Amino acid sequence: MTQPPPPPPNQPPDPQGGFGAPTPPPAQQPEPGYGYPQQAPPQQPYGQPQQAPDAGYGYPAQPPTQPQQPYGAGYQQPAQPPYGYPPQQQPYGGYQQPTPPPAPGGGKKLSAQLQIVIAAVVAVVLIVGAGIWYANSGDGGGKDDEAKGTGGTSQGTGGNGGSGDTKGIGGGGKEQPPANTRAKMGFQVEQPAVPDVTDVSGSWITDKAYVKTGVNSIVAYDRDKGSVLWTLPLTGQVCGTSRHVTADNKMPILFEATKRVAPRYYQQCTEVGLVDLNAGKLLWSTSVTGGTAGDQKVRFGEVTLSGKTVAAGGTDGGAAFDVANGNPRWKPQANDQNCFDLGYGGGEGLVAVRKCGPYDTQYVLIQNLDPMSGAPISQFKMPDGVKYASVISSKPLVIAADVGDSAGDGSGISDFFSLDEKTGKLKAKITADADQYAARCRSTKVEACTKALVANGRLYVPTEEHEGSTGEYGDETNEIIGFDLTTGKTAPEKADAGDKYTLIPLRMDGGNIIAYKEPPYDKGGRIVSIDGGTMKETLLLENPADKTIHDVENSFSPDYSEILYRDGRVFMSDMMLSKPRASASPEDKEYLAVSFSTH
């Protein structure tokens with residue numbers, strides 16, 4: 001059995017009961033029912049022999065004493081209303097509010113006289129209440145006003161998504177409209193030559209630079225001039241990047257140990273490193289062995305960041321590292337064949353997606369982890385028929401999955417699951433009709449979803465394009481809709497793209513949504529800020545409508561490109577490069593990245 005390496009001097013030892021620690025073979029126990037919150041086992045003190053727990057870490061817990069209702073039992077799909085007004089989500093399991101018992105006296109109707117008396121009393125109460133409200137609704141401020149706003153934070157902001165009360169929701173963003181929102185073309189980075197299809201996913205913005213994955217390298221460009229500020233050469237191609245960075249712009253990556261050579265343009269993705277985006281330096285790099293990989297290096301598929309922990313996962317299992325020095329916090333073990341960490345969702349929390357059981361009966365567990373030790377805080381068993389799951393947000397905890405391959409459109413999403421990260425209980429299941437909603441997840445990736453954002457106690461997703469107000473070809477449009485994470489109901493407010501435009505949510509800015517408006521053929525694209533409560537938009541930037549410039553912008557499809565916006569600048573870049581066509585003319589110039597700016 002391969003053991004984790006000893007901790008460095010002056011570092012606390014890895015807890016033996018932590019995530020990735022060796023565990024005995026599981027007892028033969030029935031699987032827990034879908035939706036039943038899994039209780040995390042207590043951790044053994046360091047140095048003590050680990051006892052076999054009742055439902056050992058990473059194994060199914062005992063089912064609840066109450067029989068579980070089959071997934072979706074009793075749930076009736078409501079009729080679909082017109083676009084922009086999605087159906088109200090039913091409570092999970094089709095629960096209906098019980099009808100109140102009849103009033104005493106056999107439920108007889110009230111007499112006319114009594115109705116008049118009640119109406120008079122209600123009128124008096126309303127008048128008095130209105131007077132009290134008016135007396136307290138001035139601009140006098142006071143302590144109560146200071147506590148009303150909850151916007152301005154990122155994920156985890158509370159909200160009342162389905163109530164229609166948007167007070168305290170949205171706002172607080174840093175992005176403000178410039179004096180002139182008309183943008184001009186900034187710089188262009190030509191595509192580098194590649195011998196075969198090459199993944200170049202990954203781009204970031206700092207105070208001074210636009211940073212982009214290249215070929216066997218990461219390159220920083222001046223945000224305005226496009227001149228190269230630094231180039232970080234690597235031993236091989238970048239094969240995974242984090243969407244999260246530290247406060248001082250340090251970001252984890254995965255890369256290949258050697259360069260690709262003909263005829264095999266592929267190498268194993270085994271190296272984990274931390275890049276300083278300000279200085280252009282690789283601060284540390286490492287790899288691990290163990291698990292199903294045995295004495296070989298563990299292969300990873302994606303990497304993320306949470307607090308002081310870098311976490312990487314894949315079909316060989318998961319590992320975590322100290323941000324400061326790359327020392328392993330945990331890694332796959334030889335007896336982990338029963339369960340393995342497919343990947344992690346980072347950010348404010350650290351969430352593992354684990355696949356467990358024999359191949360033909362595998363099931364998926366969602367575990368909220370302590371980022372320092374890997375010990376599970378809570379866990380949730382996904383329903384039967386879920387092969388993969390994606391983390392939309394770690395806090396609040398929101399998961400996307402395609403249950404029973406029912407989405408049917410390649411989006412990887414049939415339902416969203418809003419979970420209590422402390423207890424593992426299901427708060428709401430939000431059914432996402434694949435014909436109506438446009439969020440996307442890469443099914444085998446844990447943290448690669450697009451067009452889905454969480455903030456203000458809501459999940460924001462765009463609708464699919466649909467016929468515009470005129471009903472004519474070319475006027476297609478869409479909306480962004482909010483769902484309450486507690487009830488699963490849709491918020492009454494929505495953001496309309498307007499005829500011929502399509503809204504694509506990019507990221508949150510405080511309580512506001514930063515979105516790209518994909519334009520019609522005769523307009524330039526726009527960047528807008530949408531208040532997360534009122535859903536009213538503010539224009540931040542509009543690209544030129546000039547055909548030549550528009551053609552360049554249009555070459556970056558939002559579904560296959562990365563679009564970043566910050567401080568009056570928008571950057572668009574490719575995620576995948578291929579060998580140039582032999583018939584390509586000089587006019588068919590292709591770019592790795594382009595920028596537009598209001599500065």
# chains A, B, ... in the order shown; residues from 1 in each chain; ligands from 1

$ residues_around --residues "region 552-567 of chain A" --least-positions-apart "5" --cutoff "10 Å" --atoms "only C-alpha atoms" --output "PyMOL selection string"
chain A and resi 174-178+185+188+201-207+210+440+450-451+504+506-507+509+514-521+524-525+527-528+540-541+543-545+547+572-576+589-599

$ select_by_dssp --residues "region 463-506 of chain A" --states "strand (DSSP E)" --output "list in words"
Glu479, Ile480, Ile481, Gly482, Phe483, Asp484, Thr490, Ala491, Pro492, Glu493, Lys494, Ala495, Asp496, Thr502, Leu503, Ile504, Pro505 and Leu506 of chain A

$ residues_around --residues "Lys536 (chain A)" --least-positions-apart "6" --cutoff "9 Å" --atoms "only C-alpha atoms" --output "ChimeraX atom specification"
/A:493-496,529-530

$ write_last_selection --atoms "all heavy atoms" --output "mmCIF file, in the first residue's frame"
data_model
loop_
_atom_site.group_PDB
_atom_site.id
_atom_site.type_symbol
_atom_site.label_atom_id
_atom_site.label_comp_id
_atom_site.auth_asym_id
_atom_site.auth_seq_id
_atom_site.Cartn_x
_atom_site.Cartn_y
_atom_site.Cartn_z
ATOM 1 N N GLU A 493 -39.189 38.040 -11.837
ATOM 2 C CA GLU A 493 -38.407 38.931 -12.692
ATOM 3 C C GLU A 493 -37.567 38.110 -13.671
ATOM 4 O O GLU A 493 -37.103 37.018 -13.348
ATOM 5 C CB GLU A 493 -37.473 39.808 -11.852
ATOM 6 C CG GLU A 493 -38.165 40.598 -10.756
ATOM 7 C CD GLU A 493 -38.400 39.781 -9.501
ATOM 8 O OE1 GLU A 493 -37.758 38.715 -9.339
ATOM 9 O OE2 GLU A 493 -39.242 40.192 -8.683
ATOM 10 N N LYS A 494 -37.368 38.662 -14.867
ATOM 11 C CA LYS A 494 -36.500 38.024 -15.856
ATOM 12 C C LYS A 494 -35.829 39.114 -16.696
ATOM 13 O O LYS A 494 -36.325 40.241 -16.778
ATOM 14 C CB LYS A 494 -37.296 37.087 -16.767
ATOM 15 C CG LYS A 494 -38.408 37.750 -17.569
ATOM 16 C CD LYS A 494 -39.205 36.697 -18.329
ATOM 17 C CE LYS A 494 -40.382 37.330 -19.080
ATOM 18 N NZ LYS A 494 -39.938 38.179 -20.188
ATOM 19 N N ALA A 495 -34.692 38.775 -17.271
ATOM 20 C CA ALA A 495 -33.967 39.711 -18.132
ATOM 21 C C ALA A 495 -34.207 39.327 -19.584
ATOM 22 O O ALA A 495 -33.920 38.200 -19.991
ATOM 23 C CB ALA A 495 -32.479 39.666 -17.812
ATOM 24 N N ASP A 496 -34.744 40.254 -20.365
ATOM 25 C CA ASP A 496 -35.021 40.023 -21.780
ATOM 26 C C ASP A 496 -33.848 40.499 -22.631
ATOM 27 O O ASP A 496 -33.395 41.632 -22.476
ATOM 28 C CB ASP A 496 -36.283 40.771 -22.201
ATOM 29 C CG ASP A 496 -37.539 40.165 -21.601
ATOM 30 O OD1 ASP A 496 -37.897 39.049 -22.004
ATOM 31 O OD2 ASP A 496 -38.144 40.807 -20.722
ATOM 32 N N SER A 529 -24.530 44.607 -17.510
ATOM 33 C CA SER A 529 -24.633 44.224 -16.107
ATOM 34 C C SER A 529 -26.113 44.150 -15.762
ATOM 35 O O SER A 529 -26.857 45.115 -15.989
ATOM 36 C CB SER A 529 -23.926 45.248 -15.208
ATOM 37 O OG SER A 529 -24.116 44.932 -13.835
ATOM 38 N N ILE A 530 -26.543 43.000 -15.249
ATOM 39 C CA ILE A 530 -27.954 42.786 -14.938
ATOM 40 C C ILE A 530 -28.125 42.687 -13.430
ATOM 41 O O ILE A 530 -27.486 41.841 -12.789
ATOM 42 C CB ILE A 530 -28.469 41.496 -15.615
ATOM 43 C CG1 ILE A 530 -28.292 41.596 -17.132
ATOM 44 C CG2 ILE A 530 -29.922 41.232 -15.263
ATOM 45 C CD1 ILE A 530 -28.581 40.289 -17.853
#

$ closest_residue --among "A:Gly533, A:Gly290, A:Gly498, A:Gly314" --to "Ile481 (chain A)" --atoms "only C-alpha atoms"
A:Gly533

$ closest_atom_pairs --of "region 468-582 of chain A" --to "region 386-397 of chain A" --cutoff "12 Å" --atoms "only C-alpha atoms" --output "Markdown table"
| residue | atom | partner | partner_atom | distance |
| --- | --- | --- | --- | --- |
| A:Asp484 | CA | A:Pro396 | CA | 11.7 |
| A:Leu485 | CA | A:Pro396 | CA | 8.5 |
| A:Thr486 | CA | A:Pro396 | CA | 10.4 |
| A:Arg507 | CA | A:Ile392 | CA | 11.8 |
| A:Met508 | CA | A:Ser393 | CA | 11.9 |

$ write_last_selection --atoms "all heavy atoms" --output "PDB file, in the first residue's frame"
ATOM      1  N   ASP A 484     -35.361  30.127  -7.223  1.00  0.00           N
ATOM      2  CA  ASP A 484     -35.091  30.193  -5.797  1.00  0.00           C
ATOM      3  C   ASP A 484     -34.445  28.881  -5.344  1.00  0.00           C
ATOM      4  O   ASP A 484     -34.968  27.794  -5.609  1.00  0.00           O
ATOM      5  CB  ASP A 484     -36.387  30.437  -5.024  1.00  0.00           C
ATOM      6  CG  ASP A 484     -36.140  30.643  -3.541  1.00  0.00           C
ATOM      7  OD1 ASP A 484     -35.958  29.638  -2.832  1.00  0.00           O
ATOM      8  OD2 ASP A 484     -36.131  31.791  -3.089  1.00  0.00           O
ATOM      9  N   LEU A 485     -33.322  28.958  -4.644  1.00  0.00           N
ATOM     10  CA  LEU A 485     -32.597  27.755  -4.238  1.00  0.00           C
ATOM     11  C   LEU A 485     -33.261  27.020  -3.082  1.00  0.00           C
ATOM     12  O   LEU A 485     -32.938  25.862  -2.826  1.00  0.00           O
ATOM     13  CB  LEU A 485     -31.158  28.118  -3.840  1.00  0.00           C
ATOM     14  CG  LEU A 485     -30.256  28.633  -4.963  1.00  0.00           C
ATOM     15  CD1 LEU A 485     -28.879  28.971  -4.421  1.00  0.00           C
ATOM     16  CD2 LEU A 485     -30.156  27.615  -6.087  1.00  0.00           C
ATOM     17  N   THR A 486     -34.175  27.671  -2.388  1.00  0.00           N
ATOM     18  CA  THR A 486     -34.865  27.013  -1.275  1.00  0.00           C
ATOM     19  C   THR A 486     -36.141  26.336  -1.729  1.00  0.00           C
ATOM     20  O   THR A 486     -36.435  25.207  -1.326  1.00  0.00           O
ATOM     21  CB  THR A 486     -35.182  28.040  -0.169  1.00  0.00           C
ATOM     22  OG1 THR A 486     -33.957  28.615   0.296  1.00  0.00           O
ATOM     23  CG2 THR A 486     -35.892  27.371   0.999  1.00  0.00           C
ATOM     24  N   ARG A 507     -20.452  35.711 -15.598  1.00  0.00           N
ATOM     25  CA  ARG A 507     -20.001  35.609 -14.215  1.00  0.00           C
ATOM     26  C   ARG A 507     -20.831  36.543 -13.349  1.00  0.00           C
ATOM     27  O   ARG A 507     -21.599  37.373 -13.866  1.00  0.00           O
ATOM     28  CB  ARG A 507     -18.519  35.969 -14.083  1.00  0.00           C
ATOM     29  CG  ARG A 507     -18.197  37.434 -14.437  1.00  0.00           C
ATOM     30  CD  ARG A 507     -16.749  37.769 -14.146  1.00  0.00           C
ATOM     31  NE  ARG A 507     -16.376  39.112 -14.582  1.00  0.00           N
ATOM     32  CZ  ARG A 507     -16.466  40.205 -13.844  1.00  0.00           C
ATOM     33  NH1 ARG A 507     -16.967  40.139 -12.600  1.00  0.00           N
ATOM     34  NH2 ARG A 507     -16.073  41.388 -14.319  1.00  0.00           N
ATOM     35  N   MET A 508     -20.660  36.406 -12.026  1.00  0.00           N
ATOM     36  CA  MET A 508     -21.303  37.334 -11.107  1.00  0.00           C
ATOM     37  C   MET A 508     -20.343  38.466 -10.775  1.00  0.00           C
ATOM     38  O   MET A 508     -19.121  38.288 -10.735  1.00  0.00           O
ATOM     39  CB  MET A 508     -21.717  36.619  -9.824  1.00  0.00           C
ATOM     40  CG  MET A 508     -22.776  35.554  -9.995  1.00  0.00           C
ATOM     41  SD  MET A 508     -24.321  36.100 -10.782  1.00  0.00           S
ATOM     42  CE  MET A 508     -24.852  37.419  -9.660  1.00  0.00           C
TER      43      MET A 508
END

$ atom_distance --atom1 "CA of Asn335 (chain A)" --atom2 "CA of Gly273 (chain A)"
26.4 Å

$ residues_around --residues "Val310 (chain A)" --least-positions-apart "2" --cutoff "6 Å" --atoms "only C-alpha atoms" --output "list in words"
Thr304, Leu305, Ala320, Phe321 and Val323 of chain A

$ residues_around --residues "Ala407 (chain A)" --least-positions-apart "6" --cutoff "6 Å" --atoms "only C-alpha atoms" --output "PyMOL selection string"
chain A and resi 413-414+434

$ residues_around --residues "Asp420 (chain A)" --least-positions-apart "2" --cutoff "12 Å" --atoms "only C-alpha atoms" --output "VMD selection string"
chain A and resid 35 to 38 156 366 to 368 377 to 380 393 to 399 417 to 418 422 to 428 485 to 486

$ write_last_selection --atoms "N, CA, C and O atoms" --output "compact mmCIF listing (two decimals), in the first residue's frame"
# COMPACT_ATOMS: atom_id res chain seq x y z
N GLY A 35 -31.58 10.78 -2.16
CA GLY A 35 -31.92 12.01 -1.46
C GLY A 35 -31.68 11.94 0.02
O GLY A 35 -31.79 12.94 0.72
N TYR A 36 -31.32 10.76 0.55
CA TYR A 36 -31.10 10.66 1.99
C TYR A 36 -29.76 11.26 2.34
O TYR A 36 -28.73 10.90 1.77
N PRO A 37 -29.70 12.24 3.26
CA PRO A 37 -28.42 12.86 3.60
C PRO A 37 -27.49 11.85 4.25
O PRO A 37 -27.85 11.19 5.20
N GLN A 38 -26.28 11.75 3.73
CA GLN A 38 -25.32 10.80 4.26
C GLN A 38 -24.56 11.45 5.39
O GLN A 38 -24.03 12.54 5.26
N GLY A 156 -23.29 32.57 -2.06
CA GLY A 156 -23.63 32.42 -0.66
C GLY A 156 -24.55 33.51 -0.15
O GLY A 156 -24.99 33.45 0.98
N ILE A 366 -22.14 13.03 -3.68
CA ILE A 366 -21.67 14.41 -3.59
C ILE A 366 -21.23 14.63 -2.15
O ILE A 366 -22.02 14.46 -1.22
N GLN A 367 -19.96 14.99 -1.95
CA GLN A 367 -19.43 15.17 -0.60
C GLN A 367 -18.88 16.58 -0.42
O GLN A 367 -18.04 17.03 -1.20
N ASN A 368 -19.38 17.25 0.59
CA ASN A 368 -18.83 18.55 0.99
C ASN A 368 -17.68 18.27 1.94
O ASN A 368 -17.85 17.62 2.97
N ILE A 377 -17.87 16.60 5.39
CA ILE A 377 -18.76 17.30 6.30
C ILE A 377 -20.18 16.77 6.13
O ILE A 377 -20.91 16.58 7.10
N SER A 378 -20.56 16.52 4.90
CA SER A 378 -21.88 15.97 4.60
C SER A 378 -21.81 15.30 3.24
O SER A 378 -20.86 15.53 2.47
N GLN A 379 -22.79 14.47 2.93
CA GLN A 379 -22.83 13.87 1.61
C GLN A 379 -24.26 13.56 1.19
O GLN A 379 -25.16 13.46 2.02
N PHE A 380 -24.43 13.45 -0.12
CA PHE A 380 -25.74 13.27 -0.72
C PHE A 380 -25.61 12.25 -1.84
O PHE A 380 -24.72 12.36 -2.69
N SER A 393 -21.98 25.39 -8.03
CA SER A 393 -21.51 26.24 -6.94
C SER A 393 -21.25 25.36 -5.73
O SER A 393 -22.02 24.44 -5.44
N SER A 394 -20.15 25.64 -5.01
CA SER A 394 -19.85 24.87 -3.80
C SER A 394 -20.50 25.45 -2.56
O SER A 394 -20.73 24.73 -1.59
N LYS A 395 -20.80 26.74 -2.59
CA LYS A 395 -21.47 27.39 -1.45
C LYS A 395 -22.17 28.64 -1.93
O LYS A 395 -21.48 29.61 -2.25
N PRO A 396 -23.52 28.60 -2.02
CA PRO A 396 -24.44 27.49 -1.77
C PRO A 396 -24.13 26.31 -2.70
O PRO A 396 -23.63 26.51 -3.81
N LEU A 397 -24.47 25.11 -2.24
CA LEU A 397 -24.13 23.90 -2.99
C LEU A 397 -25.23 23.60 -4.00
O LEU A 397 -26.36 23.29 -3.65
N VAL A 398 -24.87 23.68 -5.27
CA VAL A 398 -25.80 23.42 -6.37
C VAL A 398 -25.13 22.46 -7.35
O VAL A 398 -24.01 22.71 -7.80
N ILE A 399 -25.82 21.36 -7.64
CA ILE A 399 -25.30 20.30 -8.50
C ILE A 399 -26.17 20.20 -9.75
O ILE A 399 -27.39 20.36 -9.68
N PHE A 417 -29.84 20.34 -8.51
CA PHE A 417 -30.13 19.92 -7.14
C PHE A 417 -29.53 20.95 -6.19
O PHE A 417 -28.31 21.15 -6.17
N SER A 418 -30.39 21.63 -5.43
CA SER A 418 -29.95 22.58 -4.42
C SER A 418 -29.84 21.84 -3.10
O SER A 418 -30.83 21.32 -2.58
N LYS A 422 -24.31 21.80 4.82
CA LYS A 422 -23.99 21.37 6.18
C LYS A 422 -24.56 19.99 6.51
O LYS A 422 -23.94 19.21 7.23
N THR A 423 -25.75 19.71 5.99
CA THR A 423 -26.43 18.45 6.35
C THR A 423 -26.50 17.46 5.20
O THR A 423 -26.74 16.28 5.42
N GLY A 424 -26.33 17.91 3.97
CA GLY A 424 -26.48 17.04 2.82
C GLY A 424 -27.91 16.84 2.39
O GLY A 424 -28.18 16.04 1.48
N LYS A 425 -28.84 17.55 2.99
CA LYS A 425 -30.25 17.38 2.63
C LYS A 425 -30.57 18.12 1.34
O LYS A 425 -30.03 19.18 1.05
N LEU A 426 -31.50 17.55 0.59
CA LEU A 426 -31.99 18.18 -0.63
C LEU A 426 -32.96 19.29 -0.27
O LEU A 426 -33.97 19.06 0.40
N LYS A 427 -32.65 20.51 -0.72
CA LYS A 427 -33.56 21.64 -0.48
C LYS A 427 -34.56 21.78 -1.62
O LYS A 427 -35.74 22.06 -1.38
N ALA A 428 -34.10 21.62 -2.85
CA ALA A 428 -35.00 21.77 -3.99
C ALA A 428 -34.40 21.06 -5.19
O ALA A 428 -33.18 21.07 -5.39
N LEU A 485 -33.32 28.96 -4.64
CA LEU A 485 -32.60 27.76 -4.24
C LEU A 485 -33.26 27.02 -3.08
O LEU A 485 -32.94 25.86 -2.83
N THR A 486 -34.17 27.67 -2.39
CA THR A 486 -34.86 27.01 -1.28
C THR A 486 -36.14 26.34 -1.73
O THR A 486 -36.44 25.21 -1.33

$ atom_distance --atom1 "CA of Asp402 (chain A)" --atom2 "CA of Ala375 (chain A)"
27.2 Å

$ residues_around --residues "Asp199 (chain A)" --least-positions-apart "5" --cutoff "10 Å" --atoms "only C-alpha atoms" --output "PyMOL selection string"
chain A and resi 213-215+237-240+574-578

$ atom_distance --atom1 "CA of Gly349 (chain A)" --atom2 "CA of Thr246 (chain A)"
13.5 Å
